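A.B. asks: Please find start_2.cif (mmCIF, C-alpha atoms) on the next line:
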data_data
loop_
_atom_site.label_atom_id
_atom_site.label_comp_id
_atom_site.auth_asym_id
_atom_site.auth_seq_id
_atom_site.Cartn_x
_atom_site.Cartn_y
_atom_site.Cartn_z
CA MET O 1 9.33 -4.64 11.34
CA LYS O 2 13.06 -4.46 10.56
CA GLN O 3 12.66 -0.98 9.12
CA LEU O 4 10.58 0.09 12.10
CA ALA O 5 13.23 -1.30 14.47
CA LYS O 6 15.87 0.84 12.75
CA THR O 7 13.97 4.08 13.37
CA ALA O 8 12.24 3.46 16.71
CA ASN O 9 12.55 1.41 19.88
CA LEU O 10 9.99 -1.39 19.46
CA TYR O 11 9.48 -1.69 23.21
CA ASP O 12 8.37 1.96 23.50
CA PRO O 13 4.89 2.30 21.94
CA GLU O 14 4.82 6.10 22.15
CA GLU O 15 8.07 6.34 20.21
CA VAL O 16 6.65 4.04 17.53
CA LYS O 17 3.47 6.16 17.29
CA ASN O 18 5.47 9.37 16.93
CA ASP O 19 7.85 7.83 14.41
CA LYS O 20 5.08 6.59 12.14
CA ALA O 21 2.95 9.72 12.56
CA ASN O 22 5.82 11.78 11.13
CA ALA O 23 6.70 9.27 8.39
CA LYS O 24 6.05 10.24 4.79
CA VAL O 25 4.15 7.12 3.72
CA LYS O 26 0.60 6.52 2.56
CA ASN O 27 -2.08 5.87 5.14
CA ALA O 28 -2.56 2.34 3.80
CA ASN O 29 1.07 1.58 4.66
CA LYS O 30 0.67 3.12 8.10
CA ILE O 31 -2.32 0.87 8.72
CA LYS O 32 -0.26 -2.20 7.76
CA ILE O 33 2.59 -1.11 10.01
CA HIS O 34 0.18 -0.61 12.90
CA MET O 35 -1.29 -4.07 12.35
CA GLN O 36 2.20 -5.63 12.35
CA TYR O 37 3.22 -3.71 15.44
CA ASP O 38 -0.05 -4.69 17.13
CA ALA O 39 0.82 -8.37 16.58
CA PHE O 40 4.31 -7.72 17.97
CA THR O 41 2.93 -6.05 21.10
CA LYS O 42 0.64 -9.00 21.74
CA TYR O 43 3.62 -11.34 21.40
CA ALA O 44 5.84 -9.19 23.65
CA LYS O 45 2.94 -8.48 26.06
CA ILE O 46 3.25 -4.71 25.70
CA LYS O 47 0.20 -2.53 26.26
CA TRP O 48 -0.54 0.08 23.61
CA GLU O 49 -3.47 1.69 21.87
CA LYS O 50 -3.51 1.50 18.11
CA PRO O 51 -3.92 5.01 16.61
CA ASN O 52 -6.91 5.71 14.40
CA THR O 53 -5.70 5.98 10.83
CA GLN O 54 -8.21 6.21 8.02
CA GLU O 55 -7.40 4.98 4.57
CA THR O 56 -7.82 7.62 1.87
CA ASN O 57 -9.54 6.77 -1.38
CA TYR O 58 -7.52 7.35 -4.52
CA SER O 59 -9.07 7.76 -7.93
CA HIS O 60 -7.91 5.13 -10.38
CA PHE O 61 -6.55 5.92 -13.82
CA ILE O 62 -8.92 4.78 -16.57
CA PRO O 63 -7.39 5.00 -20.04
CA THR O 64 -9.35 6.40 -22.97
CA GLU O 65 -10.25 4.37 -26.05
CA THR O 66 -7.43 5.92 -28.10
CA GLU O 67 -4.89 5.20 -25.35
CA LEU O 68 -5.96 1.55 -25.34
CA ASP O 69 -5.63 1.41 -29.13
CA GLN O 70 -2.13 2.90 -28.91
CA LEU O 71 -1.16 0.33 -26.28
CA ILE O 72 -2.41 -2.52 -28.45
CA ALA O 73 -0.59 -1.16 -31.51
CA ARG O 74 2.75 -0.92 -29.65
CA ASN O 75 2.80 -4.58 -28.57
CA ARG O 76 3.86 -7.75 -30.34
CA LYS O 77 1.35 -9.84 -32.27
CA LYS O 78 0.42 -12.34 -29.55
CA THR O 79 0.20 -9.72 -26.84
CA ALA O 80 -1.70 -7.33 -29.11
CA LEU O 81 -4.17 -10.10 -29.96
CA PHE O 82 -4.69 -10.85 -26.26
CA LEU O 83 -5.13 -7.15 -25.40
CA GLN O 84 -7.58 -6.68 -28.26
CA LEU O 85 -9.55 -9.66 -27.01
CA LEU O 86 -9.66 -8.21 -23.53
CA LYS O 87 -10.76 -4.84 -24.85
CA ASP O 88 -13.52 -6.32 -26.99
CA THR O 89 -14.91 -8.65 -24.34
CA TYR O 90 -14.80 -6.29 -21.38
#
Do you think you could lay out the structure here as structure tokens?

C.D. replies:
Amino acid sequence: MKQLAKTANLYDPEEVKNDKANAKVKNANKIKIHMQYDAFTKYAKIKWEKPNTQETNYSHFIPTETELDQLIARNRKKTALFLQLLKDTY
């Protein structure tokens, strides 16, 4: 909320919508900001409509078998043992 207060007037919902619509942040962060601002507007008794922002799905990085082996080889003994255990049991 502090960062939002620096860039927009919190008591003007349209200014907040425009500020966050033009912000270069992920949609997940925009959703969190809208939820926080929604709680603030309820506290301050300000009427506003929360914009519809859909969260985008990102594909997760899944390392290959050789990349896992390289990771295990680069660690110390205890950590390598733990990582090897995780790899073998998962």

A.B. asks: As an exercise, work out the distance from atom CA of Ala23 of chain O to atom CA of Ser59 of chain O in Å and give it to one decimal place.

C.D. replies: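 Rounded to one decimal, the two atoms are 22.7 Å apart.
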
A.B. asks: Counting only C-alpha atoms, write as an MDAnalysis selection string all protein and nucleic acid residues lying at most 12 Å from (-10.6, 1.4, -26.3) in the file's frame.

C.D. replies: chainID O and resid 62:73 83:90

A.B. asks: Counting all atoms listed in the file, select every polymer residue within 12 Å of (-5.5, 2.7, 11.6) as defined in the file's coordinates, and provide the selection as a list in words.

C.D. replies: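 The distance filter leaves exactly Lys17, Lys20, Ala21, Lys26, Asn27, Ala28, Asn29, Lys30, Ile31, Lys32, Ile33, His34, Met35, Gln36, Tyr37, Asp38, Glu49, Lys50, Pro51, Asn52, Thr53, Gln54, Glu55 and Thr56 of chain O.
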
A.B. asks: So how many Å separate atom CA of Asn22 of chain O and atom CA of Lys2 of chain O, to one decimal?

C.D. replies: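 Atom CA of Asn22 of chain O sits 17.8 Å away from atom CA of Lys2 of chain O.
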
A.B. asks: Suppose you want the space between atom CA of Phe61 of chain O and atom CA of Lys24 of chain O; what is it in Å?

C.D. replies: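 These two atoms are separated by 22.9 Å.
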
A.B. asks: For each of O:Leu10, O:Ala80, O:Val16, O:Val25, take the minimum atom-to-atom distance to Lys45 of chain O, counting all atoms listed in the file, then give the residue where this is smallest.

C.D. replies: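 Checking each of O:Leu10, O:Ala80, O:Val16, O:Val25 against Lys45 of chain O, counting all atoms listed in the file, the winner is O:Leu10.
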
A.B. asks: Choose the residue, out of O:Glu14, O:Leu81, O:Lys6, O:Tyr58, that has the smallest atom-to-atom separation from Ile46 of chain O; count all atoms listed in the file.

C.D. replies: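 Nearest candidate to Ile46 of chain O out of O:Glu14, O:Leu81, O:Lys6, O:Tyr58: O:Glu14.
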
A.B. asks: Return as JSON the box centre and box size in Å, one decimal, for an axis-aligned box around all listed atoms of segment 65-76 of chain O padded by 5 Å per side.

C.D. replies:
{"center_x": -3.2, "center_y": -0.9, "center_z": -28.4, "size_x": 24.1, "size_y": 23.7, "size_z": 16.2}
